[in-house]
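A quick write-up on the structure given underneath.
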Amino acid sequence: MWRLARSVGIAGLVMVFVAGARPAAAQVELKSKAMELTITGRMHAQFNTTSVSGERSSEYLIRRARITAELKINDFVSGKIQPDFGEGEISLKDAYIRLSFDPAFRITMGQFKRPFDVFELTSSTQILVVERAGGIRGVDACTGPGGACTFSRLTEKLQFADRDIGLLVDGEDGSGRFSYAVSVTNGTGQNVVDENGSKSFTGRVGVTPKKDVTIAAHVGAHDYVDPTTGDEYAVGFGGDVEIGNYSEGLHVQAGVVTGDNWRNLLSGGPGKFLSTQVIVTYKFAVAENPFISHVEPVGRVSWGDPDTDLADDDEWLFTPGFVVYFSGRNKIGVNFDVWSPGAGSTETSLKVQAYLHF
């Protein structure tokens with residue numbers, strides 16, 4: 001870890017530079033009596049293929065390239081700014097100020113992740129699969145959201161999950177066994193101005209009955225503009241469970257979600273969607289290897305139905321794979337996504353992603 005410390009006194013300014021090392025990750029910190037700044041970053045380089053006819057058979061891309069600045073003014077005021085330079089574009093991810101009255105009561109204002117499902121709330125440096133939505137280039141079969149009807153594709157494109165601009169209140173009890181989060185946001189997503197005067201609401205509560213076991217429920221009311229009736233609300237809700245941790249051993253994330261597919265208004269109102277997903281990994285240490293610290297086999301099963309009133313429109317996604325860890329969150333992940341629709345041909349995609357984290 002590289003640390004730049006600054007202290008201001010009556011006599012003037014004293015600059016001290018201290019160099020050290022930490023095996024798990026590296027950081028840059030700017031410290032003073034009034035301020036603490038931590039700089040971290042990530043870069044994810046990806047290679048992917050697709051079996052869809054007419055698409056590029058393979059491509060390389062910079063999936064993510066982010067520099068994160070976390071600022072702590074004091075124990076009460078803090079904030080975060082995170083731009084992203086991936087995929088040939090510049091966008092803003094997290095950008096907020098946080099007031100921490102107590103661990104049980106914090107207020108965040110700005111752009112942040114809505115408190116919905118566990119898959120979306122997991123950092124991109126730690127998600128168990130290469131792509132949350134398991135997208136396959138050229139597949140555009142999910143009624144309304146497009147793409148493949150996977151759990152994260154539905155929650156993201158129906159804007160129940162992922163980032164939005166607004167206000168968040170969250171906290172947890174002293175034992176860490178109970179947590180909650182409630183947000184009020186524009187509803188239009190990250191880096192987008194509001195389209196109406198209505199607001200979207202999201203809530204999540206979680207309980208941890210024992211170490212490394214968390215059970216949570218989530219609900220969202222998303223405002224949208226119906227071309228016929230004007231401002232309307234779509235409701236989505238579900239639950240998830242997480243067993244294990246990111247260090248070693250068995251790790252399971254499983255969830256179910258249902259609600260209004262407000263992007264599917266063909267019948268005069270939103271259709272009802274339903275999706276479920278399970279990801280299972282097992283991370284084990286590699287003894288006496290100078291290059292590799294851990295290896296982690298991965299398996300995912302995701303099922304989604306964009307309109308439960310229609311037949312043969314449901315879709316499956318199967319993802320076998322593995323991850324090789326070098327140090328901390330620096331690793332290479334290999335996934336083979338297999339998409340199987342209720343009607344139509346099966347398509348596949350190989351994804352290889354290298355992760356740099358500091």
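Lettering and numbering for the structure tokens are positional, with chains as A, B, ... in the shown order, residues counted from 1 in each chain, and ligands counted from 1 in the shown order.
Omitting Thr68 of chain A and its sequence neighbours fewer than 4 positions away, and counting only C-alpha atoms, the residues within 12 Å are Gln27, Val28, Glu29, Leu37, Thr38, Ile39, Thr40, Gly41, Arg42, Met43, Gly79, Lys80, Ile81, Gln82, Pro83, Asp84, Phe85, Leu92, Lys93, Asp94, Ala95, Tyr96, His357 and Phe358 of chain A.
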### Neighbour list for segment 249-262 of chain A as a ChimeraX atom specification, cut-off 7 Å, only C-alpha atoms, skip fewer than 6 positions in-chain
/A:158,234-243,270-284,306
Written file, previous selection with N, CA and C atoms, as a tab-separated table (two decimals), in the first residue's frame:
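Final output, part.tsv:
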chain	number	residue	atom	x	y	z
A	158	LEU	N	-35.59	-3.75	-16.50
A	158	LEU	CA	-36.86	-3.26	-15.97
A	158	LEU	C	-36.63	-2.23	-14.86
A	234	ALA	N	-44.85	0.13	-11.92
A	234	ALA	CA	-44.67	-1.32	-12.02
A	234	ALA	C	-44.04	-1.80	-10.72
A	235	VAL	N	-44.50	-2.93	-10.23
A	235	VAL	CA	-44.02	-3.46	-8.96
A	235	VAL	C	-43.24	-4.76	-9.21
A	236	GLY	N	-42.08	-4.86	-8.58
A	236	GLY	CA	-41.30	-6.08	-8.63
A	236	GLY	C	-40.86	-6.46	-7.23
A	237	PHE	N	-40.82	-7.75	-6.94
A	237	PHE	CA	-40.42	-8.18	-5.60
A	237	PHE	C	-39.87	-9.59	-5.65
A	238	GLY	N	-39.12	-9.96	-4.59
A	238	GLY	CA	-38.55	-11.29	-4.54
A	238	GLY	C	-37.72	-11.48	-3.29
A	239	GLY	N	-36.87	-12.48	-3.32
A	239	GLY	CA	-36.01	-12.78	-2.18
A	239	GLY	C	-34.77	-13.51	-2.63
A	240	ASP	N	-33.75	-13.51	-1.78
A	240	ASP	CA	-32.53	-14.23	-2.11
A	240	ASP	C	-31.84	-14.72	-0.85
A	241	VAL	N	-30.94	-15.65	-1.05
A	241	VAL	CA	-30.16	-16.20	0.05
A	241	VAL	C	-28.71	-16.30	-0.40
A	242	GLU	N	-27.80	-16.01	0.52
A	242	GLU	CA	-26.37	-16.16	0.24
A	242	GLU	C	-25.74	-16.98	1.34
A	243	ILE	N	-25.02	-18.02	0.95
A	243	ILE	CA	-24.34	-18.92	1.88
A	243	ILE	C	-22.86	-18.95	1.53
A	270	PRO	N	-48.91	-3.99	-18.41
A	270	PRO	CA	-47.67	-4.77	-18.29
A	270	PRO	C	-47.93	-6.25	-18.08
A	271	GLY	N	-47.12	-7.09	-18.76
A	271	GLY	CA	-47.19	-8.51	-18.50
A	271	GLY	C	-46.51	-8.84	-17.18
A	272	LYS	N	-46.65	-10.06	-16.72
A	272	LYS	CA	-46.03	-10.51	-15.47
A	272	LYS	C	-44.80	-11.37	-15.79
A	273	PHE	N	-43.66	-10.98	-15.23
A	273	PHE	CA	-42.45	-11.76	-15.45
A	273	PHE	C	-42.12	-12.57	-14.21
A	274	LEU	N	-41.30	-13.60	-14.40
A	274	LEU	CA	-40.87	-14.45	-13.29
A	274	LEU	C	-39.48	-14.98	-13.63
A	275	SER	N	-38.58	-14.96	-12.66
A	275	SER	CA	-37.23	-15.46	-12.91
A	275	SER	C	-36.62	-16.00	-11.62
A	276	THR	N	-35.75	-16.98	-11.78
A	276	THR	CA	-35.01	-17.52	-10.65
A	276	THR	C	-33.59	-17.86	-11.10
A	277	GLN	N	-32.66	-17.83	-10.16
A	277	GLN	CA	-31.26	-18.08	-10.50
A	277	GLN	C	-30.51	-18.66	-9.30
A	278	VAL	N	-29.57	-19.56	-9.60
A	278	VAL	CA	-28.69	-20.13	-8.58
A	278	VAL	C	-27.27	-20.14	-9.13
A	279	ILE	N	-26.32	-19.64	-8.34
A	279	ILE	CA	-24.91	-19.72	-8.68
A	279	ILE	C	-24.20	-20.43	-7.53
A	280	VAL	N	-23.41	-21.44	-7.87
A	280	VAL	CA	-22.69	-22.23	-6.87
A	280	VAL	C	-21.21	-22.27	-7.24
A	281	THR	N	-20.35	-21.98	-6.26
A	281	THR	CA	-18.90	-22.07	-6.48
A	281	THR	C	-18.26	-22.80	-5.30
A	282	TYR	N	-17.05	-23.23	-5.52
A	282	TYR	CA	-16.26	-23.79	-4.41
A	282	TYR	C	-14.81	-23.35	-4.61
A	283	LYS	N	-14.32	-22.52	-3.71
A	283	LYS	CA	-12.99	-21.93	-3.83
A	283	LYS	C	-12.02	-22.66	-2.90
A	284	PHE	N	-10.95	-23.18	-3.48
A	284	PHE	CA	-9.98	-23.89	-2.65
A	284	PHE	C	-8.57	-23.39	-2.94
A	306	PRO	N	-40.58	-13.78	-19.51
A	306	PRO	CA	-40.95	-12.37	-19.56
A	306	PRO	C	-42.45	-12.12	-19.49
#### Entry: Neighbour list for Pro290 of chain A as a ChimeraX atom specification, cut-off 12 Å, only C-alpha atoms, skip fewer than 2 positions in-chain
/A:286-288,292-294,325-327
### Message
I'd like the neighbourhood of Gln190 of chain A as an NGL selection string, where a residue qualifies if any of its atoms comes within 6 Å (using only C-alpha atoms), though same-chain residues fewer than 2 positions away should be ignored.
### Response
:A and (163-164 or 192)
Keeping only N, CA and C atoms, write those residues as a compact mmCIF listing (two decimals), in the first residue's frame.
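Saved file part.txt follows:
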# COMPACT_ATOMS: atom_id res chain seq x y z
N ARG A 163 -27.91 1.02 -10.90
CA ARG A 163 -27.75 2.36 -10.35
C ARG A 163 -28.86 3.31 -10.77
N ASP A 164 -29.10 4.29 -9.89
CA ASP A 164 -30.07 5.34 -10.15
C ASP A 164 -29.68 6.55 -9.31
N VAL A 192 -28.91 9.61 -16.28
CA VAL A 192 -30.06 9.98 -17.10
C VAL A 192 -30.96 10.92 -16.29
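Closest to Asn191 of chain A among A:Asp173, A:Asp231, A:Asp162, A:Glu131 is A:Asp162, based on only C-alpha atoms.
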### Residues of segment 66-265 of chain A in helix (DSSP H, G or I), written as a ChimeraX atom specification
/A:86-88,118-121,151-157
Within 12 Å of segment 308-315 of chain A, counting only C-alpha atoms, which residues show up once you throw out same-chain ones fewer than 6 positions away? Write them as a PDB file with N, CA and C atoms, in the first residue's frame, please.
ATOM      1  N   VAL A 139     -28.368 -12.365 -29.453  1.00  0.00           N
ATOM      2  CA  VAL A 139     -29.610 -12.876 -28.872  1.00  0.00           C
ATOM      3  C   VAL A 139     -30.450 -11.698 -28.401  1.00  0.00           C
ATOM      4  N   ASP A 140     -31.662 -11.587 -28.917  1.00  0.00           N
ATOM      5  CA  ASP A 140     -32.562 -10.489 -28.559  1.00  0.00           C
ATOM      6  C   ASP A 140     -33.982 -11.033 -28.475  1.00  0.00           C
ATOM      7  N   ALA A 141     -34.182 -11.972 -27.542  1.00  0.00           N
ATOM      8  CA  ALA A 141     -35.425 -12.739 -27.528  1.00  0.00           C
ATOM      9  C   ALA A 141     -36.311 -12.479 -26.321  1.00  0.00           C
ATOM     10  N   CYS A 142     -35.869 -11.642 -25.371  1.00  0.00           N
ATOM     11  CA  CYS A 142     -36.654 -11.424 -24.160  1.00  0.00           C
ATOM     12  C   CYS A 142     -37.637 -10.289 -24.402  1.00  0.00           C
ATOM     13  N   THR A 143     -38.910 -10.582 -24.390  1.00  0.00           N
ATOM     14  CA  THR A 143     -39.945  -9.597 -24.685  1.00  0.00           C
ATOM     15  C   THR A 143     -39.855  -8.416 -23.734  1.00  0.00           C
ATOM     16  N   GLY A 144     -39.601  -7.245 -24.283  1.00  0.00           N
ATOM     17  CA  GLY A 144     -39.475  -6.026 -23.484  1.00  0.00           C
ATOM     18  C   GLY A 144     -38.027  -5.665 -23.218  1.00  0.00           C
ATOM     19  N   GLY A 147     -32.350  -9.016 -25.332  1.00  0.00           N
ATOM     20  CA  GLY A 147     -31.314  -9.931 -24.873  1.00  0.00           C
ATOM     21  C   GLY A 147     -31.878 -11.288 -24.492  1.00  0.00           C
ATOM     22  N   ALA A 148     -31.191 -11.947 -23.577  1.00  0.00           N
ATOM     23  CA  ALA A 148     -31.640 -13.231 -23.049  1.00  0.00           C
ATOM     24  C   ALA A 148     -32.370 -13.003 -21.735  1.00  0.00           C
ATOM     25  N   CYS A 149     -33.446 -13.737 -21.502  1.00  0.00           N
ATOM     26  CA  CYS A 149     -34.262 -13.555 -20.297  1.00  0.00           C
ATOM     27  C   CYS A 149     -33.613 -14.227 -19.090  1.00  0.00           C
ATOM     28  N   THR A 150     -32.572 -13.619 -18.563  1.00  0.00           N
ATOM     29  CA  THR A 150     -31.943 -14.105 -17.350  1.00  0.00           C
ATOM     30  C   THR A 150     -32.367 -13.225 -16.181  1.00  0.00           C
ATOM     31  N   PHE A 151     -32.052 -13.665 -14.985  1.00  0.00           N
ATOM     32  CA  PHE A 151     -32.442 -12.941 -13.770  1.00  0.00           C
ATOM     33  C   PHE A 151     -31.972 -11.484 -13.824  1.00  0.00           C
ATOM     34  N   ARG A 153     -30.772  -9.734 -16.337  1.00  0.00           N
ATOM     35  CA  ARG A 153     -31.258  -8.997 -17.492  1.00  0.00           C
ATOM     36  C   ARG A 153     -32.616  -8.377 -17.191  1.00  0.00           C
ATOM     37  N   LEU A 154     -33.498  -9.121 -16.547  1.00  0.00           N
ATOM     38  CA  LEU A 154     -34.834  -8.627 -16.218  1.00  0.00           C
ATOM     39  C   LEU A 154     -34.776  -7.537 -15.153  1.00  0.00           C
ATOM     40  N   THR A 258     -40.213 -11.594  -9.248  1.00  0.00           N
ATOM     41  CA  THR A 258     -41.385 -11.534 -10.119  1.00  0.00           C
ATOM     42  C   THR A 258     -41.934 -10.119 -10.097  1.00  0.00           C
ATOM     43  N   GLY A 259     -42.852  -9.847 -11.019  1.00  0.00           N
ATOM     44  CA  GLY A 259     -43.434  -8.509 -11.037  1.00  0.00           C
ATOM     45  C   GLY A 259     -43.942  -8.114 -12.405  1.00  0.00           C
ATOM     46  N   ASP A 260     -44.068  -6.805 -12.600  1.00  0.00           N
ATOM     47  CA  ASP A 260     -44.643  -6.247 -13.820  1.00  0.00           C
ATOM     48  C   ASP A 260     -43.560  -5.990 -14.866  1.00  0.00           C
ATOM     49  N   ASN A 261     -43.743  -6.577 -16.036  1.00  0.00           N
ATOM     50  CA  ASN A 261     -42.860  -6.297 -17.162  1.00  0.00           C
ATOM     51  C   ASN A 261     -43.418  -5.078 -17.899  1.00  0.00           C
ATOM     52  N   ASN A 264     -43.334  -4.503 -21.628  1.00  0.00           N
ATOM     53  CA  ASN A 264     -44.193  -5.352 -22.454  1.00  0.00           C
ATOM     54  C   ASN A 264     -45.643  -4.912 -22.232  1.00  0.00           C
ATOM     55  N   LEU A 266     -48.075  -4.966 -24.712  1.00  0.00           N
ATOM     56  CA  LEU A 266     -48.820  -5.366 -25.901  1.00  0.00           C
ATOM     57  C   LEU A 266     -50.278  -5.678 -25.603  1.00  0.00           C
ATOM     58  N   SER A 267     -50.582  -6.114 -24.395  1.00  0.00           N
ATOM     59  CA  SER A 267     -51.957  -6.479 -24.048  1.00  0.00           C
ATOM     60  C   SER A 267     -52.699  -5.336 -23.359  1.00  0.00           C
ATOM     61  N   PRO A 270     -48.914  -3.992 -18.414  1.00  0.00           N
ATOM     62  CA  PRO A 270     -47.670  -4.766 -18.294  1.00  0.00           C
ATOM     63  C   PRO A 270     -47.926  -6.251 -18.083  1.00  0.00           C
ATOM     64  N   GLY A 271     -47.119  -7.086 -18.756  1.00  0.00           N
ATOM     65  CA  GLY A 271     -47.185  -8.513 -18.500  1.00  0.00           C
ATOM     66  C   GLY A 271     -46.506  -8.840 -17.183  1.00  0.00           C
ATOM     67  N   LYS A 272     -46.647 -10.058 -16.718  1.00  0.00           N
ATOM     68  CA  LYS A 272     -46.027 -10.512 -15.472  1.00  0.00           C
ATOM     69  C   LYS A 272     -44.800 -11.366 -15.794  1.00  0.00           C
ATOM     70  N   PHE A 273     -43.662 -10.977 -15.226  1.00  0.00           N
ATOM     71  CA  PHE A 273     -42.452 -11.756 -15.455  1.00  0.00           C
ATOM     72  C   PHE A 273     -42.116 -12.567 -14.210  1.00  0.00           C
ATOM     73  N   LEU A 274     -41.303 -13.598 -14.397  1.00  0.00           N
ATOM     74  CA  LEU A 274     -40.866 -14.454 -13.291  1.00  0.00           C
ATOM     75  C   LEU A 274     -39.480 -14.981 -13.634  1.00  0.00           C
ATOM     76  N   SER A 275     -38.579 -14.962 -12.658  1.00  0.00           N
ATOM     77  CA  SER A 275     -37.233 -15.463 -12.905  1.00  0.00           C
ATOM     78  C   SER A 275     -36.625 -16.003 -11.619  1.00  0.00           C
ATOM     79  N   THR A 276     -35.746 -16.976 -11.783  1.00  0.00           N
ATOM     80  CA  THR A 276     -35.006 -17.516 -10.651  1.00  0.00           C
ATOM     81  C   THR A 276     -33.593 -17.856 -11.100  1.00  0.00           C
ATOM     82  N   GLN A 277     -32.663 -17.834 -10.165  1.00  0.00           N
ATOM     83  CA  GLN A 277     -31.261 -18.083 -10.501  1.00  0.00           C
ATOM     84  C   GLN A 277     -30.515 -18.659  -9.305  1.00  0.00           C
ATOM     85  N   VAL A 301     -27.315 -21.617 -13.020  1.00  0.00           N
ATOM     86  CA  VAL A 301     -28.549 -21.946 -13.719  1.00  0.00           C
ATOM     87  C   VAL A 301     -29.493 -20.769 -13.537  1.00  0.00           C
ATOM     88  N   SER A 302     -29.931 -20.171 -14.651  1.00  0.00           N
ATOM     89  CA  SER A 302     -30.850 -19.040 -14.602  1.00  0.00           C
ATOM     90  C   SER A 302     -32.027 -19.320 -15.526  1.00  0.00           C
ATOM     91  N   VAL A 338     -24.567 -21.107 -22.062  1.00  0.00           N
ATOM     92  CA  VAL A 338     -25.420 -21.872 -22.970  1.00  0.00           C
ATOM     93  C   VAL A 338     -26.843 -21.384 -22.793  1.00  0.00           C
ATOM     94  N   TRP A 339     -27.405 -20.747 -23.829  1.00  0.00           N
ATOM     95  CA  TRP A 339     -28.758 -20.192 -23.786  1.00  0.00           C
ATOM     96  C   TRP A 339     -29.708 -21.119 -24.525  1.00  0.00           C
ATOM     97  N   SER A 340     -30.778 -21.511 -23.831  1.00  0.00           N
ATOM     98  CA  SER A 340     -31.742 -22.447 -24.406  1.00  0.00           C
ATOM     99  C   SER A 340     -33.144 -21.873 -24.286  1.00  0.00           C
ATOM    100  N   PRO A 341     -33.739 -21.385 -25.383  1.00  0.00           N
ATOM    101  CA  PRO A 341     -35.081 -20.801 -25.326  1.00  0.00           C
ATOM    102  C   PRO A 341     -36.167 -21.850 -25.420  1.00  0.00           C
ATOM    103  N   GLY A 342     -37.395 -21.480 -25.010  1.00  0.00           N
ATOM    104  CA  GLY A 342     -38.518 -22.396 -25.129  1.00  0.00           C
ATOM    105  C   GLY A 342     -38.845 -22.723 -26.567  1.00  0.00           C
ATOM    106  N   ALA A 343     -38.614 -21.763 -27.451  1.00  0.00           N
ATOM    107  CA  ALA A 343     -38.812 -21.976 -28.879  1.00  0.00           C
ATOM    108  C   ALA A 343     -37.618 -21.374 -29.608  1.00  0.00           C
ATOM    109  N   GLY A 344     -36.982 -22.157 -30.475  1.00  0.00           N
ATOM    110  CA  GLY A 344     -35.814 -21.659 -31.193  1.00  0.00           C
ATOM    111  C   GLY A 344     -34.587 -22.492 -30.900  1.00  0.00           C
ATOM    112  N   SER A 345     -33.478 -22.079 -31.474  1.00  0.00           N
ATOM    113  CA  SER A 345     -32.244 -22.849 -31.362  1.00  0.00           C
ATOM    114  C   SER A 345     -31.392 -22.385 -30.197  1.00  0.00           C
ATOM    115  N   THR A 346     -30.598 -23.283 -29.674  1.00  0.00           N
ATOM    116  CA  THR A 346     -29.672 -22.989 -28.584  1.00  0.00           C
ATOM    117  C   THR A 346     -28.469 -22.219 -29.115  1.00  0.00           C
ATOM    118  N   GLU A 347     -28.011 -21.220 -28.338  1.00  0.00           N
ATOM    119  CA  GLU A 347     -26.834 -20.433 -28.707  1.00  0.00           C
ATOM    120  C   GLU A 347     -25.838 -20.469 -27.553  1.00  0.00           C
TER     121      GLU A 347
END
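With only C-alpha atoms as the atoms that count, the minimum distance from Thr348 of chain A to the choices A:Pro297, A:Gly176, A:Gly135, A:Gly333 is reached by A:Gly135.
Using only C-alpha atoms, the shortest contact distance between Gly54 of chain A and any of A:Arg106, A:His222, A:Arg132, A:Arg137 is found at A:Arg137.
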